[in-house]
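Written below as structure tokens is the structure these notes are about.
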Amino acid sequence: MASWLMKTEPDVCSFDDIWKAPKRTTGWDGVRNYQARNFMRDQMQVGDEVFIYHSNAEPPGIAGIAQVASSAYPDPTQFDPTDPHYDPDSSRESPRWMQVDVKAVKKLPRFVPLDALRANPKLAGMRLLQRGNRLSITPVTAAEWRAILAMGGV
DNA sequence: GCCAACGTTGGC
DNA sequence: GCCAACGTTGGC
């Protein structure tokens with residue numbers, strides 16, 4: 001089983017929003033980056049564990065644990081001209097953008113802020129923390145996963 | 001609101 | 001295929 005970190009802006013969709021959604025599950029739509037799409041399409045498996053990270057937040061950081069709840073399927077927002085993520089160059093015959101479903105599993109007893117992640121030497125190599133990283137979906141190693149769980153009080 | 005970093009686009 | 005221009009991300 002693989003582990004991942006997925007960024008979301010809590011003003012748009014927070015961990016609590018996923019928790020409160022029907023079946024605690026939401027479609028992870030709106031990804032418009034090929035590398036992130038390829039992670040979902042080619043590598044994610046149902047049951048993979050996911051940290052939900054709040055970006056553009058005060059403070060930014062990891063709020064909870066989720067799991068991948070579906071394999072990848074076409075993101076419907078790419079076909080909707082009224083949606084901000086509409087992509088006129090995509091087609092239903094050959095969809096460009098994919099999404100997975102994500103199910104909330106557990107809120108971390110302690111929110112783990114970005115500055116705490118940066119301060120932990122065990123996480124020095126973490127993809128999220130590398131200079132200039134903007135990727136909204138990144139792999140998490142088993143050691144990183146364990147270290148962050150401990151920081152979050154699990 | 002600023003701006004560094006990065007991905008994408010499109011002219012050539 | 002190069003690369004300048006542009007748009008976006010996301011911490012601060």
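Within each chain, counting starts at residue 1; across the structure tokens, chains are named A, B, ... in the order shown, with ligands numbered 1 upward in that order.
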Please report, as CSV, each residue of stretch 88-149 of chain A lying at most 9 Å from chain B, together with the nearest pair of atoms and the separation in Å rounded to one decimal; use only C-alpha atoms (C1' of nucleotides), and order rows by chain and ascending residue number.
```
residue,atom,partner,partner_atom,distance
A:Arg131,CA,B:DA5,C1',8.3
A:Gly132,CA,B:DA5,C1',5.1
A:Asn133,CA,B:DA5,C1',7.9
A:Arg134,CA,B:DC6,C1',7.5
```
Closest contacts (chain A/chain C, max 10 Å, only C-alpha atoms (C1' of nucleotides)) as a Markdown table:
```
| residue | atom | partner | partner_atom | distance |
| --- | --- | --- | --- | --- |
| A:Glu9 | CA | C:DG10 | C1' | 9.9 |
| A:Ser55 | CA | C:DG10 | C1' | 6.8 |
| A:Asn56 | CA | C:DG10 | C1' | 5.9 |
| A:Ala57 | CA | C:DG10 | C1' | 9.2 |
| A:Pro59 | CA | C:DG11 | C1' | 9.9 |
| A:Pro60 | CA | C:DG11 | C1' | 8.6 |
| A:Leu114 | CA | C:DG11 | C1' | 9.8 |
| A:Gly132 | CA | C:DT9 | C1' | 9.6 |
| A:Asn133 | CA | C:DT9 | C1' | 9.1 |
| A:Arg134 | CA | C:DT9 | C1' | 6.0 |
| A:Leu135 | CA | C:DT9 | C1' | 8.7 |
| A:Ser136 | CA | C:DT9 | C1' | 9.2 |
```
Query - Which of stretch 63-131 of chain A fall in strand (DSSP E), as number ranges by chain - result: A: 63-68, 73-74, 98-99, 101-113
Query - Separation of atom CA of A:Gln99 from atom CA of A:Leu149, in Å and rounded to one decimal - result: 25.7 Å
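Around stretch 35-38 of chain A, within 10 Å and counting only C-alpha atoms (C1' of nucleotides), the residues found are Met6, Met44, Ala72, Arg96, Trp97, Met98, Gln99, Val100, Leu135, Ser136, Ile137 and Thr138 of chain A, once anything fewer than 6 positions away on its own chain is removed.
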Requested in this report: Pull the helix (DSSP H, G or I) assignments for chain A out of DSSP run on the backbone, and list those residues as number ranges by chain.
Outcome: A: 10-13, 15-20, 22-24, 34-43, 76-79, 114-119, 121-123, 127-129, 142-151
Query raised in the report: Do you have the atom CA of A:Asn120-atom CA of A:Pro139 distance handy?
Result: 17.8 Å
Report task. Can you work out which one of A:His54, A:Arg146, A:Lys20, A:Arg32 has the shortest atom-to-atom distance to A:Asp87, counting only C-alpha atoms? Result -> A:Arg32
Requested in this report: Determine, counting only C-alpha atoms (C1' of nucleotides), which protein, DNA and RNA residues have an atom within 10 Å of an atom of A:Pro95; residues of the same chain fewer than 6 positions away are not included. Present the result as a PyMOL selection string.
Outcome: chain A and resi 73-76+78-79+87+89
Keeping only C-alpha atoms, write the selected residues to a file as a compact mmCIF listing (two decimals), in the first residue's frame.
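What landed in out_22.txt:
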```txt
# COMPACT_ATOMS: atom_id res chain seq x y z
CA TYR A 73 -12.13 8.19 -13.65
CA PRO A 74 -12.72 11.28 -15.81
CA ASP A 75 -13.14 14.53 -13.88
CA PRO A 76 -16.58 15.82 -14.90
CA GLN A 78 -13.48 19.49 -17.39
CA PHE A 79 -16.65 19.21 -19.54
CA ASP A 87 -11.06 22.59 -20.28
CA ASP A 89 -9.52 21.20 -25.26
```
Report task. Enter the distance from atom CA of A:Val102 to atom CA of A:Arg41, in Å, rounded to one decimal. Result -> 13.7 Å
